[in-house]
$ cat protein-v4.txt   # compact mmCIF, C-alpha atoms and all ligand atoms
# COMPACT_ATOMS: atom_id res chain seq x y z
CA MET A 1 33.56 330.74 58.26
CA LYS A 2 36.66 328.56 58.54
CA TYR A 3 34.39 325.78 59.80
CA ARG A 4 32.03 326.10 56.77
CA ILE A 5 34.90 325.95 54.23
CA GLY A 6 36.15 322.79 55.97
CA LYS A 7 32.73 321.19 55.68
CA ILE A 8 32.43 322.02 51.96
CA LEU A 9 35.92 320.62 51.37
CA THR A 10 35.09 317.37 53.17
CA GLY A 11 31.89 317.01 51.13
CA PHE A 12 33.82 317.60 47.93
CA LEU A 13 36.41 314.98 48.89
CA ILE A 14 33.70 312.39 49.68
CA ILE A 15 32.04 312.92 46.28
CA LEU A 16 35.45 312.63 44.59
CA ALA A 17 36.17 309.36 46.44
CA LEU A 18 32.77 307.95 45.42
CA LEU A 19 33.40 308.86 41.78
CA PHE A 20 36.76 307.07 41.89
CA ALA A 21 35.20 303.99 43.47
CA ALA A 22 32.49 303.86 40.79
CA ALA A 23 35.08 304.12 38.03
CA ALA A 24 36.95 301.17 39.51
CA ILE A 25 33.90 298.85 39.18
CA PRO A 26 34.09 296.88 35.90
CA ALA A 27 31.58 297.95 33.30
CA ALA A 28 29.78 294.58 33.32
CA VAL A 29 29.00 294.83 37.04
CA ALA A 30 28.02 298.47 36.82
CA ALA A 31 25.54 297.51 34.11
CA GLY A 32 24.16 294.70 36.29
CA PRO A 33 24.57 290.94 35.83
CA VAL A 34 24.40 289.18 32.46
CA LYS A 35 20.90 287.69 32.36
CA LEU A 36 20.36 284.31 30.74
CA SER A 37 17.03 282.54 30.26
CA TYR A 38 17.04 278.73 30.61
CA ALA A 39 14.10 276.73 29.18
CA ASN A 40 13.09 273.20 30.15
CA PHE A 41 10.12 271.08 29.04
CA PRO A 42 9.02 268.83 31.95
CA PRO A 43 7.51 269.91 35.29
CA ALA A 44 9.75 271.43 37.98
CA PRO A 45 10.09 268.36 40.28
CA THR A 46 11.55 266.15 37.51
CA PHE A 47 15.28 265.48 37.22
CA PRO A 48 15.99 267.64 34.12
CA CYS A 49 14.71 270.63 36.11
CA VAL A 50 16.51 269.66 39.32
CA GLN A 51 19.80 269.60 37.42
CA MET A 52 18.87 272.95 35.82
CA GLU A 53 18.47 274.59 39.26
CA ARG A 54 21.76 273.09 40.41
CA TRP A 55 23.56 274.49 37.33
CA LYS A 56 21.97 277.93 37.91
CA THR A 57 23.08 277.96 41.55
CA GLU A 58 26.64 276.91 40.70
CA VAL A 59 27.04 279.40 37.85
CA GLU A 60 25.70 282.30 39.90
CA LYS A 61 27.93 281.37 42.83
CA ARG A 62 31.08 280.80 40.76
CA THR A 63 30.65 284.07 38.84
CA ASN A 64 29.94 286.03 42.03
CA ASN A 65 26.50 286.82 40.64
CA ARG A 66 27.89 288.45 37.50
CA VAL A 67 25.60 286.01 35.69
CA SER A 68 21.95 285.62 36.62
CA VAL A 69 20.02 282.61 35.26
CA ASN A 70 16.26 282.80 34.94
CA THR A 71 14.78 279.28 34.77
CA PHE A 72 11.56 278.27 32.96
CA PRO A 73 10.42 274.70 33.79
CA GLY A 74 7.30 272.97 32.47
CA GLY A 75 7.50 274.18 28.86
CA THR A 76 6.66 277.75 29.86
CA LEU A 77 9.27 279.18 27.48
CA LEU A 78 9.94 276.30 25.04
CA ASP A 79 8.36 272.86 24.85
CA ALA A 80 10.04 269.50 24.20
CA LYS A 81 9.76 269.63 20.43
CA ASN A 82 10.88 273.24 19.96
CA MET A 83 13.78 273.18 22.37
CA MET A 84 16.73 272.99 19.96
CA ASP A 85 15.33 275.34 17.32
CA GLY A 86 14.10 277.75 19.99
CA VAL A 87 17.62 278.05 21.37
CA ILE A 88 19.15 278.38 17.90
CA SER A 89 16.77 281.25 17.09
CA GLY A 90 17.29 282.89 20.50
CA GLN A 91 13.78 282.46 21.97
CA ALA A 92 15.65 281.14 25.00
CA ASP A 93 19.37 281.55 25.71
CA ILE A 94 19.74 278.05 27.14
CA GLY A 95 17.62 274.92 26.68
CA CYS A 96 17.55 271.35 27.95
CA LEU A 97 16.52 268.76 25.40
CA CYS A 98 15.90 265.03 25.33
CA MET A 99 17.74 263.84 22.23
CA ALA A 100 15.77 260.60 22.19
CA TYR A 101 12.70 262.60 21.16
CA GLN A 102 14.41 263.31 17.81
CA PRO A 103 16.36 260.16 16.90
CA GLY A 104 16.73 261.25 13.27
CA ARG A 105 18.24 264.60 14.22
CA PHE A 106 20.72 263.40 16.84
CA ILE A 107 21.81 260.11 15.31
CA LEU A 108 25.24 259.74 16.87
CA THR A 109 24.40 260.61 20.48
CA ASN A 110 21.26 258.45 20.32
CA GLY A 111 23.58 255.48 19.90
CA THR A 112 23.68 255.55 23.70
CA SER A 113 20.00 254.60 23.82
CA LEU A 114 20.60 251.28 22.09
CA PRO A 115 20.09 248.20 24.29
CA LEU A 116 23.79 247.85 25.11
CA GLY A 117 23.51 247.31 28.84
CA ILE A 118 24.58 250.70 30.20
CA PRO A 119 23.98 250.05 33.91
CA SER A 120 23.27 253.47 35.44
CA ALA A 121 22.68 257.15 34.82
CA LYS A 122 26.11 258.08 36.14
CA THR A 123 27.89 255.69 33.77
CA GLY A 124 25.53 256.70 30.94
CA SER A 125 26.16 260.41 31.47
CA LEU A 126 29.93 260.04 31.39
CA ILE A 127 29.78 257.79 28.29
CA LEU A 128 27.56 260.26 26.47
CA TRP A 129 29.73 263.26 27.34
CA ASP A 130 32.90 261.45 26.20
CA LEU A 131 31.21 260.33 23.00
CA TYR A 132 30.09 263.88 22.24
CA LYS A 133 33.57 265.28 22.86
CA LYS A 134 35.17 262.63 20.67
CA TYR A 135 32.88 263.00 17.64
CA LYS A 136 31.51 266.59 18.01
CA PRO A 137 28.50 265.75 15.79
CA LYS A 138 27.34 268.37 13.27
CA SER A 139 23.83 268.40 14.73
CA PHE A 140 25.22 270.71 17.45
CA ASP A 141 27.13 273.07 15.13
CA LYS A 142 24.68 275.95 15.61
CA VAL A 143 24.85 275.97 19.42
CA LYS A 144 27.41 275.61 22.18
CA VAL A 145 26.89 272.45 24.25
CA LEU A 146 27.19 273.08 28.00
CA THR A 147 26.72 269.54 29.27
CA MET A 148 25.04 266.21 28.56
CA PHE A 149 23.60 263.51 30.80
CA THR A 150 21.34 260.48 30.65
CA THR A 151 18.55 258.84 32.58
CA ALA A 152 18.86 255.58 34.47
CA PRO A 153 17.81 252.44 32.52
CA ALA A 154 14.15 252.18 31.48
CA ASN A 155 11.59 249.78 32.93
CA ILE A 156 7.89 249.08 32.34
CA MET A 157 5.38 250.81 34.64
CA SER A 158 1.87 249.49 34.07
CA LYS A 159 -1.66 249.32 35.43
CA LYS A 160 -1.76 245.54 34.87
CA PRO A 161 1.09 243.16 35.69
CA VAL A 162 3.53 242.23 32.91
CA ARG A 163 5.25 238.93 33.71
CA THR A 164 5.65 237.38 30.25
CA LEU A 165 5.80 238.41 26.60
CA GLU A 166 2.17 237.28 26.39
CA ASP A 167 1.16 239.92 28.97
CA ILE A 168 2.75 242.80 27.08
CA LYS A 169 1.32 241.82 23.69
CA GLY A 170 -0.88 244.62 22.34
CA MET A 171 -0.61 246.69 25.53
CA ASP A 172 -0.71 250.46 24.86
CA LEU A 173 2.48 251.73 26.41
CA ARG A 174 3.89 255.20 26.18
CA ALA A 175 7.54 255.55 25.22
CA SER A 176 9.57 258.11 23.36
CA GLY A 177 12.19 257.97 20.64
CA GLY A 178 14.34 254.89 20.16
CA ALA A 179 12.47 252.97 22.87
CA ALA A 180 9.59 252.69 20.42
CA GLN A 181 11.41 249.92 18.57
CA ILE A 182 12.07 248.08 21.80
CA LEU A 183 8.42 248.03 22.79
CA LYS A 184 7.46 246.96 19.28
CA ALA A 185 9.99 244.12 19.40
CA TRP A 186 8.31 242.89 22.58
CA GLY A 187 4.89 243.10 20.94
CA ALA A 188 3.49 246.13 22.80
CA ASN A 189 1.59 248.88 21.06
CA GLN A 190 3.97 251.82 21.41
CA VAL A 191 2.37 255.25 21.83
CA GLY A 192 4.82 258.11 21.27
CA MET A 193 4.70 261.34 23.27
CA PRO A 194 7.06 263.41 25.43
CA MET A 195 7.10 262.87 29.19
CA SER A 196 5.27 266.17 29.69
CA SER A 197 2.10 264.73 28.05
CA THR A 198 2.18 261.38 29.86
CA PRO A 199 0.35 262.14 33.15
CA GLU A 200 -2.79 263.14 31.23
CA ALA A 201 -2.57 260.16 28.86
CA LEU A 202 -2.33 257.77 31.82
CA GLN A 203 -5.19 259.44 33.63
CA LYS A 204 -7.47 259.40 30.59
CA GLY A 205 -6.62 255.77 29.87
CA VAL A 206 -5.07 256.58 26.47
CA VAL A 207 -2.18 254.36 27.61
CA GLN A 208 -2.01 251.53 30.12
CA GLY A 209 1.49 252.30 31.22
CA LEU A 210 4.85 253.65 30.16
CA PHE A 211 8.44 252.72 29.56
CA SER A 212 11.00 254.99 31.23
CA SER A 213 13.35 255.36 34.16
CA LEU A 214 11.63 254.85 37.51
CA GLU A 215 12.14 258.21 39.23
CA VAL A 216 8.88 259.39 37.62
CA MET A 217 6.93 256.92 39.79
CA MET A 218 7.52 259.44 42.58
CA ASP A 219 8.20 262.75 40.80
CA LEU A 220 5.09 262.54 38.62
CA LYS A 221 3.12 260.32 41.03
CA PHE A 222 2.72 257.53 38.46
CA ALA A 223 2.73 255.04 41.37
CA GLU A 224 -0.85 256.14 42.05
CA LEU A 225 -1.94 254.60 38.74
CA CYS A 226 0.77 252.09 37.83
CA LYS A 227 0.80 249.45 40.52
CA TYR A 228 3.26 247.20 38.66
CA VAL A 229 6.82 247.63 37.49
CA THR A 230 8.56 245.04 35.31
CA MET A 231 12.31 245.33 35.62
CA THR A 232 13.89 245.24 32.16
CA ASP A 233 16.79 247.64 32.84
CA THR A 234 17.08 248.20 29.13
CA VAL A 235 17.99 251.59 27.75
CA ILE A 236 18.99 255.02 28.93
CA TYR A 237 17.93 258.31 27.33
CA PRO A 238 20.41 261.02 26.35
CA PHE A 239 19.87 264.72 27.16
CA ALA A 240 21.81 267.85 26.14
CA VAL A 241 21.97 271.37 27.55
CA VAL A 242 22.75 273.92 24.83
CA ILE A 243 23.26 277.69 24.72
CA ASN A 244 22.53 280.07 21.84
CA MET A 245 25.73 280.87 19.94
CA ASP A 246 25.39 284.69 20.16
CA ALA A 247 24.60 284.50 23.88
CA TRP A 248 27.70 282.33 24.35
CA ASN A 249 29.96 284.58 22.27
CA ALA A 250 28.85 287.62 24.27
CA LEU A 251 29.98 286.12 27.60
CA PRO A 252 33.27 287.27 29.19
CA ASP A 253 36.10 284.75 28.80
CA ASP A 254 36.29 283.88 32.50
CA VAL A 255 32.54 283.14 32.58
CA LYS A 256 32.94 280.88 29.54
CA GLN A 257 35.72 279.10 31.40
CA ILE A 258 33.53 278.62 34.48
CA MET A 259 30.76 277.09 32.34
CA ASP A 260 33.23 274.89 30.44
CA ASP A 261 34.71 273.66 33.71
CA LEU A 262 31.21 272.68 34.84
CA GLY A 263 30.50 270.43 31.82
CA THR A 264 31.84 267.11 33.11
CA GLU A 265 31.01 267.88 36.72
CA GLN A 266 27.38 268.61 35.86
CA ALA A 267 27.08 265.39 33.80
CA GLN A 268 28.37 263.37 36.74
CA TRP A 269 26.31 265.23 39.33
CA THR A 270 23.11 264.67 37.34
CA GLY A 271 23.80 260.97 36.76
CA ASP A 272 24.52 260.50 40.42
CA TYR A 273 21.41 262.39 41.48
CA MET A 274 19.31 260.35 39.05
CA ASP A 275 20.58 256.98 40.30
CA LYS A 276 19.94 257.87 43.93
CA HIS A 277 16.56 259.32 43.11
CA VAL A 278 15.46 256.17 41.25
CA ASN A 279 16.23 254.16 44.39
CA ALA A 280 14.30 256.59 46.55
CA SER A 281 11.38 256.48 44.13
CA MET A 282 11.27 252.66 44.19
CA GLN A 283 11.23 252.58 48.00
CA TRP A 284 8.57 255.28 48.10
CA SER A 285 6.35 253.47 45.56
CA LYS A 286 6.52 250.23 47.55
CA LYS A 287 5.79 251.95 50.83
CA GLU A 288 3.13 254.44 49.76
CA TYR A 289 1.32 252.51 47.00
CA GLN A 290 2.37 248.87 47.51
CA VAL A 291 3.74 248.77 43.95
CA GLU A 292 4.91 245.28 42.94
CA PHE A 293 8.35 245.10 41.31
CA ILE A 294 8.48 242.12 38.94
CA THR A 295 11.81 240.49 38.06
CA LEU A 296 11.69 238.35 34.93
CA PRO A 297 13.02 234.83 35.58
CA GLY A 298 16.27 233.99 33.71
CA PRO A 299 14.84 232.10 30.71
CA GLU A 300 12.06 234.67 30.24
CA LYS A 301 14.55 237.57 30.38
CA GLU A 302 16.69 235.81 27.76
CA LYS A 303 13.69 235.68 25.45
CA TRP A 304 13.11 239.43 25.90
CA ASP A 305 16.77 240.30 25.37
CA SER A 306 17.14 238.14 22.27
CA LEU A 307 14.45 240.20 20.54
CA LEU A 308 16.59 243.33 20.84
CA GLN A 309 19.79 242.42 18.98
CA PRO A 310 18.26 243.23 15.54
CA ILE A 311 17.68 246.81 16.77
CA ILE A 312 21.42 247.31 17.24
CA ASP A 313 22.20 245.83 13.82
CA GLN A 314 19.60 248.00 12.15
CA TRP A 315 20.88 251.15 13.89
CA ILE A 316 24.43 250.46 12.69
CA LYS A 317 23.18 249.98 9.15
CA ASP A 318 21.10 253.19 9.20
CA ALA A 319 23.94 255.18 10.77
CA VAL A 320 26.37 253.99 8.08
CA ASP A 321 23.85 254.88 5.37
CA LYS A 322 23.78 258.41 6.79
CA GLY A 323 27.57 258.70 6.85
CA PHE A 324 28.30 257.81 10.50
CA PRO A 325 30.81 255.15 11.57
CA GLY A 326 28.03 253.07 13.16
CA GLU A 327 30.13 250.08 14.14
CA ALA A 328 32.87 252.21 15.71
CA ILE A 329 30.32 254.21 17.71
CA VAL A 330 28.79 251.04 19.18
CA GLU A 331 32.29 249.74 19.94
CA ASP A 332 33.17 253.06 21.65
CA ILE A 333 30.03 252.85 23.78
CA LYS A 334 30.99 249.34 24.90
CA ILE A 335 34.55 250.42 25.78
CA LEU A 336 33.33 253.54 27.57
CA THR A 337 30.78 251.46 29.50
CA LYS A 338 33.62 249.40 30.95
CA LYS A 339 35.70 252.52 31.65
CA HIS A 340 32.94 254.38 33.48
CA SER A 341 31.45 251.39 35.31
CA MET A 342 34.52 251.06 37.52
N1 LIG B 1 12.89 258.26 29.45
C1 LIG B 1 12.62 259.50 28.74
C2 LIG B 1 13.27 260.67 29.42
C3 LIG B 1 12.86 260.95 30.81
C4 LIG B 1 13.01 260.16 31.90
N2 LIG B 1 12.57 260.81 33.04
C5 LIG B 1 12.08 262.01 32.66
C6 LIG B 1 11.49 263.03 33.42
C7 LIG B 1 11.07 264.15 32.75
C8 LIG B 1 11.24 264.30 31.38
C9 LIG B 1 11.83 263.30 30.61
C10 LIG B 1 12.24 262.15 31.26
C11 LIG B 1 11.16 259.63 28.54
O1 LIG B 1 10.49 258.65 28.80
O2 LIG B 1 10.70 260.65 28.08

$ encode --input "protein-v4.txt" --output "structure tokens"
Amino acid sequence: MKYRIGKILTGFLIILALLFAAAAIPAAVAAGPVKLSYANFPPAPTFPCVQMERWKTEVEKRTNNRVSVNTFPGGTLLDAKNMMDGVISGQADIGCLCMAYQPGRFILTNGTSLPLGIPSAKTGSLILWDLYKKYKPKSFDKVKVLTMFTTAPANIMSKKPVRTLEDIKGMDLRASGGAAQILKAWGANQVGMPMSSTPEALQKGVVQGLFSSLEVMMDLKFAELCKYVTMTDTVIYPFAVVINMDAWNALPDDVKQIMDDLGTEQAQWTGDYMDKHVNASMQWSKKEYQVEFITLPGPEKEKWDSLLQPIIDQWIKDAVDKGFPGEAIVEDIKILTKKHSM
């Protein structure tokens, strides 16, 4: 009898201890992790998605899995054109967008995709992030911006060699956003579409090449079709990662802090990754597909570059017309280029 009472008492004490332990767990953990969806438009192997997976890993690790990020590459949740509005309306909590696809919507930040000689993705990413923090443009008022980054400079990938302005004349080349004006200035026939539609357009012969950073030669296997690359090292493309305002406001303060702390680090990490990956892609294209990399001789390159100055002047004029300090923005980009090139 004594033995049975002891056993009941022990059982009772164990249950009591378990109840206490459960009460000590914070409500958020007891209810499971905060789940966030993260939409991206291009296929999984491309750099915007690689940086997305890195951000997911870091956030989950740094929050001890109190936040769980569900990633959707390849436009499976939101495509390139719906990214910003889809995040604003809450179709996805987080989205990664290429601002160059909507130059009229993101005027200020697209200043970085002017032909101003930004030398790399790392420098570009840090310039863009500083520019955003300085001006906080209204186009982002309805979301919280988590980070920004850019591509490496754009070059021409083509099925036929482009060695002179004569060669590029009338060539159907795919490019997005602000780069359209650059191709037009060189006499090409610019065909606009997001990166996600480009593999099919190349395959079907709708375009004879494209203008972008060179990591896609490997990531999207463009080296199979484009056996020539003309090095122009012209412009970079700005990207933003944004989170829905209600989703952001609902996060615990320490999680917000973790994400804020990641902003600059993620910009730098992505730029760095991009630069290294472009190099790897160039080596791979040479080795696997014998791609020829064409460097324009000095006088020829000068001709190409001289056609681009009017684009900068026009952008400043348009920006001023829309109420932006166009000249100051261009000046800031030049100063920041020096600062972040060191
Ligand atoms: N240059 C822009 C942006 C870009 C560069 N690489 C990728 C890869 C996947 C998506 C977009 C981009 C462009 O040509 O679209």

$ residues_near_ligand --input "protein-v4.txt" --ligand "ligand LIG 1 (chain B)" --cutoff "6 Å" --atoms "only C-alpha atoms and all ligand atoms" --output "PDB file with C-alpha atoms, keeping the file's coordinate frame"
ATOM      1  CA  PRO A  42       9.020 268.830  31.950  1.00  0.00           C
ATOM      2  CA  THR A  46      11.550 266.150  37.510  1.00  0.00           C
ATOM      3  CA  PHE A  47      15.280 265.480  37.220  1.00  0.00           C
ATOM      4  CA  THR A 151      18.550 258.840  32.580  1.00  0.00           C
ATOM      5  CA  ALA A 175       7.540 255.550  25.220  1.00  0.00           C
ATOM      6  CA  SER A 176       9.570 258.110  23.360  1.00  0.00           C
ATOM      7  CA  PRO A 194       7.060 263.410  25.430  1.00  0.00           C
ATOM      8  CA  MET A 195       7.100 262.870  29.190  1.00  0.00           C
ATOM      9  CA  SER A 212      11.000 254.990  31.230  1.00  0.00           C
ATOM     10  CA  SER A 213      13.350 255.360  34.160  1.00  0.00           C
ATOM     11  CA  TYR A 237      17.930 258.310  27.330  1.00  0.00           C
TER      12      TYR A 237
END

$ atom_distance --input "protein-v4.txt" --atom1 "atom CA of Gly90 of chain A" --atom2 "atom CA of Met193 of chain A"
25.1 Å

$ atom_distance --input "protein-v4.txt" --atom1 "atom CA of Ala267 of chain A" --atom2 "atom CA of Asp313 of chain A"
28.4 Å

$ closest_residue --input "protein-v4.txt" --among "A:Pro119, A:Pro153, A:Pro238, A:Pro199" --to "Met342 of chain A" --atoms "all atoms listed in the file"
A:Pro119

$ closest_residue --input "protein-v4.txt" --among "A:Met245, A:Leu165, A:Ile311, A:Val278" --to "Met218 of chain A" --atoms "only C-alpha atoms"
A:Val278
